[in-house]
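Structure below is structure-v8.csv: CSV, C-alpha atoms.
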chain,number,residue,atom,x,y,z
D,175,THR,CA,25.0,17.7,-23.3
D,176,ILE,CA,21.6,16.1,-23.0
D,177,PHE,CA,21.3,16.0,-26.8
D,178,ASN,CA,24.8,14.4,-27.2
D,179,ILE,CA,23.8,11.7,-24.7
D,180,LEU,CA,20.6,11.0,-26.5
D,181,ASN,CA,22.3,11.0,-29.8
D,182,LYS,CA,24.5,8.1,-28.7
D,183,HIS,CA,21.5,5.9,-28.4
D,184,TYR,CA,19.1,7.3,-31.0
D,185,SER,CA,19.7,8.5,-34.5
D,186,PHE,CA,19.3,12.2,-35.3
D,187,CYS,CA,16.2,11.5,-37.5
D,188,HIS,CA,14.6,9.5,-34.8
D,189,LEU,CA,15.0,12.4,-32.3
D,190,ILE,CA,13.5,14.9,-34.8
D,191,TYR,CA,10.6,12.5,-35.4
D,192,GLU,CA,9.9,12.2,-31.7
D,193,TYR,CA,10.0,16.0,-31.2
D,194,VAL,CA,7.6,16.6,-34.0
D,195,LYS,CA,5.3,13.8,-32.9
D,196,ILE,CA,5.1,15.1,-29.3
D,197,ASN,CA,4.7,18.8,-30.1
D,198,LEU,CA,2.5,18.8,-33.2
D,199,ILE,CA,0.1,16.0,-32.5
D,200,ARG,CA,0.2,16.2,-28.7
D,201,LYS,CA,-3.6,16.5,-28.3
D,202,LYS,CA,-4.1,13.0,-29.6
D,203,PHE,CA,-2.0,11.6,-26.7
D,204,PHE,CA,-3.8,13.0,-23.7
D,205,GLN,CA,-7.2,11.5,-22.9
D,206,ALA,CA,-7.8,13.4,-19.6
D,207,HIS,CA,-6.6,16.5,-17.8
D,208,TYR,CA,-6.2,16.5,-14.0
D,209,ASP,CA,-5.2,19.0,-11.5
D,210,LYS,CA,-3.0,17.2,-8.9
D,211,VAL,CA,-1.9,13.6,-9.2
D,212,PHE,CA,0.2,11.4,-6.9
D,213,TYR,CA,2.2,8.7,-8.7
D,214,LEU,CA,1.9,5.2,-7.2
D,215,VAL,CA,2.4,2.9,-10.2
D,216,ALA,CA,3.9,-0.4,-8.8
D,217,ARG,CA,7.1,-1.8,-10.2
D,218,HIS,CA,6.5,-4.9,-12.2
D,219,GLY,CA,7.6,-8.5,-11.4
D,220,ARG,CA,8.5,-11.0,-14.2
D,221,ASN,CA,6.7,-8.9,-16.9
D,222,LEU,CA,5.3,-5.5,-17.4
D,223,GLU,CA,1.7,-6.5,-16.8
D,224,ASN,CA,2.3,-8.0,-13.3
D,225,PRO,CA,3.3,-5.8,-10.3
D,226,ASN,CA,5.4,-7.6,-7.7
D,227,TYR,CA,3.6,-8.1,-4.3
D,228,ALA,CA,6.7,-7.6,-2.1
D,229,HIS,CA,7.7,-4.3,-3.8
D,230,TRP,CA,4.1,-3.0,-3.6
D,231,LEU,CA,3.9,-3.8,0.1
D,232,LEU,CA,7.3,-2.6,1.1
D,233,GLU,CA,7.9,0.2,-1.3
D,234,ASN,CA,4.6,1.6,-2.7
D,235,LEU,CA,2.2,1.3,0.2
D,236,PRO,CA,4.5,3.2,2.6
D,237,MET,CA,4.2,6.2,0.2
D,238,VAL,CA,0.4,6.2,0.8
D,239,TYR,CA,1.2,8.0,4.1
D,240,MET,CA,2.6,10.9,2.0
D,241,TYR,CA,-0.3,10.7,-0.3
D,242,LEU,CA,-2.8,11.1,2.6
D,243,LYS,CA,-0.8,14.1,3.8
D,244,GLU,CA,-1.1,15.7,0.3
D,245,GLN,CA,-4.8,14.9,0.3
D,246,GLU,CA,-5.3,16.9,3.5
D,247,LYS,CA,-3.9,20.0,1.8
D,248,LYS,CA,-5.8,19.7,-1.5
D,249,ASN,CA,-7.8,17.0,-3.3
D,250,THR,CA,-5.2,14.7,-4.9
D,251,LEU,CA,-5.8,11.8,-7.3
D,252,LEU,CA,-3.8,8.6,-6.9
D,253,LEU,CA,-2.4,7.1,-10.1
D,254,ILE,CA,-1.9,3.3,-10.1
D,255,ARG,CA,-1.3,0.7,-12.8
D,256,ALA,CA,-4.3,-0.2,-15.0
D,257,LYS,CA,-5.9,-3.6,-14.3
D,258,SER,CA,-4.0,-4.1,-11.1
D,259,PRO,CA,-4.4,-7.3,-9.0
D,260,ILE,CA,-7.2,-7.3,-6.4
D,261,TRP,CA,-4.7,-7.0,-3.5
D,262,VAL,CA,-3.7,-3.6,-4.8
D,263,TYR,CA,-7.2,-2.2,-4.4
D,264,ASP,CA,-7.8,-4.1,-1.1
D,265,SER,CA,-4.5,-2.8,0.4
D,266,LEU,CA,-5.3,0.8,-0.6
D,267,GLU,CA,-8.8,0.6,0.9
D,268,LEU,CA,-7.5,-0.7,4.2
D,269,LEU,CA,-5.2,2.3,4.4
D,270,GLY,CA,-8.2,4.7,4.0
D,271,VAL,CA,-7.8,5.6,0.3
D,272,ASP,CA,-11.2,6.6,-1.3
D,273,LYS,CA,-11.9,4.6,-4.5
D,274,LYS,CA,-13.2,7.7,-6.2
D,275,ASN,CA,-9.8,9.3,-6.0
D,276,ILE,CA,-8.0,6.4,-7.8
D,277,ILE,CA,-7.0,6.8,-11.5
D,278,GLU,CA,-6.0,3.8,-13.5
D,279,THR,CA,-5.5,4.3,-17.2
D,280,GLU,CA,-3.5,2.9,-20.1
D,281,ASP,CA,-3.7,6.3,-21.9
D,282,ARG,CA,-1.5,9.3,-21.4
D,283,ILE,CA,-2.8,11.9,-19.0
D,284,LEU,CA,-2.0,15.5,-18.4
D,285,CYS,CA,-1.9,17.1,-14.9
D,286,ASN,CA,-0.9,20.5,-13.5
D,287,LYS,CA,1.0,19.0,-10.6
D,288,LEU,CA,2.6,15.6,-10.3
D,289,VAL,CA,3.8,14.3,-6.8
D,290,TYR,CA,6.5,11.7,-7.1
D,291,CYS,CA,8.1,10.4,-3.9
D,292,THR,CA,11.5,8.8,-3.3
D,293,ILE,CA,10.9,5.1,-3.2
D,294,PRO,CA,12.2,3.1,-0.2
D,295,TYR,CA,13.8,0.5,-2.4
D,296,VAL,CA,14.1,-3.1,-1.5
D,297,HIS,CA,16.4,-5.2,-3.7
D,298,SER,CA,18.5,-8.3,-3.3
D,299,TRP,CA,21.6,-6.0,-3.5
D,300,SER,CA,20.4,-2.9,-1.6
D,301,TYR,CA,17.9,-2.0,1.1
D,302,VAL,CA,16.5,1.3,2.2
D,303,LYS,CA,15.2,1.4,5.8
D,304,SER,CA,11.7,2.8,6.3
D,305,GLY,CA,10.7,1.4,9.6
D,306,PHE,CA,8.2,4.1,10.6
D,307,LEU,CA,6.3,3.9,7.3
D,308,ARG,CA,6.2,0.1,6.9
D,309,ASN,CA,5.1,-0.2,10.5
D,310,TRP,CA,2.4,2.4,9.7
D,311,VAL,CA,1.2,0.2,6.9
D,312,SER,CA,1.2,-2.9,9.1
D,313,ALA,CA,-0.6,-1.3,12.0
D,314,THR,CA,-3.2,0.5,9.8
D,315,HIS,CA,-4.0,-2.7,7.9
D,316,LYS,CA,-4.4,-4.7,11.1
D,317,LYS,CA,-6.5,-2.0,12.7
D,318,ASN,CA,-8.9,-1.8,9.8
D,319,CYS,CA,-9.2,-5.6,9.5
D,320,ASN,CA,-10.6,-5.6,13.1
D,321,LEU,CA,-8.3,-8.4,14.2
D,322,LYS,CA,-8.4,-10.0,17.6
D,323,ILE,CA,-4.8,-10.9,18.4
D,324,GLU,CA,-4.3,-12.5,21.8
D,325,ASP,CA,-1.4,-15.0,22.1
D,326,PRO,CA,0.0,-16.0,18.6
D,327,GLN,CA,0.9,-19.7,18.6
D,328,SER,CA,0.6,-21.0,15.1
D,329,THR,CA,3.5,-21.9,12.8
D,330,ILE,CA,2.9,-21.4,9.1
D,331,PHE,CA,4.7,-22.7,6.0
D,332,LEU,CA,4.3,-20.3,3.0
D,333,SER,CA,4.1,-22.6,0.0
D,334,ARG,CA,5.6,-21.7,-3.4
D,335,GLN,CA,4.3,-24.8,-5.2
D,336,THR,CA,2.2,-22.8,-7.6
D,337,SER,CA,5.2,-20.6,-8.5
D,338,ILE,CA,7.5,-21.0,-11.5
D,339,VAL,CA,10.7,-21.0,-9.6
D,340,ARG,CA,12.1,-22.1,-6.2
D,341,ARG,CA,9.6,-24.9,-5.7
D,342,ILE,CA,10.4,-27.9,-3.5
D,343,LYS,CA,10.7,-31.1,-5.7
D,344,ASN,CA,9.8,-33.6,-2.9
D,345,PHE,CA,7.0,-31.4,-1.4
D,346,THR,CA,4.8,-34.4,-0.8
D,347,GLU,CA,7.3,-35.7,1.7
D,348,VAL,CA,7.9,-32.3,3.2
D,349,ALA,CA,4.2,-31.7,3.6
D,350,LYS,CA,3.8,-34.9,5.7
D,351,VAL,CA,6.5,-33.8,8.1
D,352,LEU,CA,5.0,-30.3,8.4
D,353,LYS,CA,1.6,-31.7,9.2
D,354,MET,CA,3.1,-34.1,11.7
D,355,HIS,CA,4.4,-31.0,13.6
D,356,LYS,CA,1.0,-29.2,13.2
D,357,VAL,CA,2.5,-26.6,10.8
D,358,HIS,CA,-0.2,-24.9,8.6
D,359,ILE,CA,0.6,-24.9,4.9
D,360,VAL,CA,-0.6,-21.8,3.1
D,361,ASP,CA,-0.4,-20.6,-0.5
D,362,THR,CA,-0.8,-16.8,-0.2
D,363,GLU,CA,-1.8,-16.6,-3.9
D,364,THR,CA,-5.0,-18.5,-3.1
D,365,VAL,CA,-6.2,-16.4,0.0
D,366,THR,CA,-7.4,-12.8,0.3
D,367,LEU,CA,-5.2,-10.0,1.6
D,368,GLN,CA,-7.3,-9.8,4.7
D,369,ASP,CA,-6.8,-13.5,5.4
D,370,GLN,CA,-3.0,-13.2,4.9
D,371,ILE,CA,-2.9,-10.3,7.4
D,372,SER,CA,-4.9,-12.3,9.9
D,373,LEU,CA,-2.8,-15.5,9.5
D,374,LEU,CA,0.5,-13.7,9.9
D,375,SER,CA,-0.6,-11.5,12.7
D,376,ASN,CA,-1.5,-14.6,14.7
D,377,SER,CA,1.7,-16.5,13.9
D,378,LYS,CA,4.7,-17.0,16.1
D,379,CYS,CA,6.8,-18.5,13.3
D,380,ILE,CA,6.8,-18.7,9.5
D,381,ILE,CA,8.8,-21.1,7.3
D,382,ALA,CA,9.4,-20.1,3.6
D,383,GLN,CA,11.5,-20.2,0.6
D,384,PRO,CA,12.8,-16.7,-0.6
D,385,GLY,CA,10.0,-14.9,-2.4
D,386,ALA,CA,7.4,-12.1,-2.3
D,387,ALA,CA,5.2,-13.8,0.3
D,388,MET,CA,8.0,-13.3,2.9
D,389,ALA,CA,7.2,-9.6,2.8
D,390,ASN,CA,4.2,-10.5,4.9
D,391,MET,CA,6.5,-10.8,7.9
D,392,ILE,CA,5.7,-7.1,8.6
D,393,TYR,CA,2.4,-8.2,10.0
D,394,MET,CA,4.0,-10.6,12.5
D,395,PRO,CA,4.2,-9.7,16.2
D,396,LYS,CA,7.6,-8.7,17.7
D,397,ASN,CA,9.9,-11.5,18.8
D,398,SER,CA,8.4,-14.0,16.3
D,399,LYS,CA,10.6,-16.2,14.2
D,400,VAL,CA,11.2,-16.5,10.4
D,401,ILE,CA,12.9,-19.6,9.0
D,402,GLU,CA,14.2,-19.1,5.4
D,403,LEU,CA,14.8,-22.2,3.3
D,404,THR,CA,17.7,-21.7,0.8
D,405,PRO,CA,19.5,-24.0,-1.6
D,406,LYS,CA,22.7,-25.8,-0.6
D,407,LYS,CA,24.8,-23.3,-2.7
D,408,PRO,CA,25.6,-19.9,-1.1
D,409,TYR,CA,22.6,-17.6,-1.2
D,410,GLU,CA,22.2,-14.0,-0.2
D,411,THR,CA,19.6,-13.9,2.6
D,412,TRP,CA,20.4,-10.5,4.1
D,413,LEU,CA,17.4,-8.7,2.5
D,414,TRP,CA,14.9,-10.6,4.6
D,415,LYS,CA,17.1,-10.3,7.7
D,416,GLU,CA,17.2,-6.6,7.4
D,417,LEU,CA,13.4,-6.5,7.0
D,418,ALA,CA,13.0,-8.7,10.1
D,419,LYS,CA,15.2,-6.3,12.1
D,420,GLU,CA,13.2,-3.4,11.0
With the file now loaded, output its structure as structure tokens.
Amino acid sequence: TIFNILNKHYSFCHLIYEYVKINLIRKKFFQAHYDKVFYLVARHGRNLENPNYAHWLLENLPMVYMYLKEQEKKNTLLLIRAKSPIWVYDSLELLGVDKKNIIETEDRILCNKLVYCTIPYVHSWSYVKSGFLRNWVSATHKKNCNLKIEDPQSTIFLSRQTSIVRRIKNFTEVAKVLKMHKVHIVDTETVTLQDQISLLSNSKCIIAQPGAAMANMIYMPKNSKVIELTPKKPYETWLWKELAKE
């Protein structure tokens, strides 16, 4: 059955070639051999080289809880995407992951045991609840940032002006109004992860266009507000509402 399914998409010769290539010259493919590896390669954004921040924060980081449980049983290495953005390393460090246990390679590797968790998917069309794990990520990050949170009062506008899509055309005019009402304008791509956590933890309200930066609402205190700016045409906004409820 499997062969018939594959044969619908690949020619018979191609299948034979792949089989021979994998089995006869396998040694050339594997550059390292490990014992136990936990898979945490982030899903990409607009291209294969760039992982998406929201998916990393809401899907991958919650799985680190499982990784740390595996680490308690037996030394386990953590496999991430090679040449990841700085926020990948920072977010893992804030969760207590030891740098020496991280593998990042563009080569094929061989391991005796691979741990692969079910991902708590977050899409525009589907949402898997994972309140305990996402709250664990938020609480652990804030704890290890040594934040002093007293009475959050600030209102923040998360700017997308450096992004390719969903930018505000008349942002100069909008910025004047925001400043008039003492709203802080922040481009999350220009600040460190620790600064983002600090800003959102001390905010009573954020205003934003739909985008990855809205995932930072997990750091906001309870009963805070999120104002989502959408186009005039109908736009599905339930994803961020579900996250806010969670």
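Distances to Asp209 of chain D were evaluated for D:Pro294, D:Val365, D:Ser265, D:Val289 using all atoms listed in the file, and the minimum falls at D:Val289.
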Residue neighbourhood Leu235 of chain D, 12 Å, all atoms listed in the file, exclusion window fewer than 3 positions, as a ChimeraX atom specification = /D:213-217,227-232,238-242,252,254,261-271,291,293-295,304,307-312,314-315
| request: Mind giving me the straight-line distance from atom CA of Asn249 of chain D to atom CA of Phe212 of chain D in Å, one decimal? | output: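 We find that atom CA of Asn249 of chain D and atom CA of Phe212 of chain D lie 10.4 Å from each other.
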Among D:Gln368, D:Ser375, D:Ser298, D:Ser333, Trp414 of chain D is approached most closely, using all atoms listed in the file, by D:Ser298
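Going from atom CA of Lys399 of chain D over to atom CA of Glu420 of chain D, you cover 13.4 Å.
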Counting only C-alpha atoms, closest pick from D:Ala206, D:Cys379, D:Val351, D:Leu321 relative to Glu280 of chain D is D:Ala206
One decimal place gives the atom CA of Thr250 of chain D-atom CA of Ile283 of chain D separation as 14.6 Å
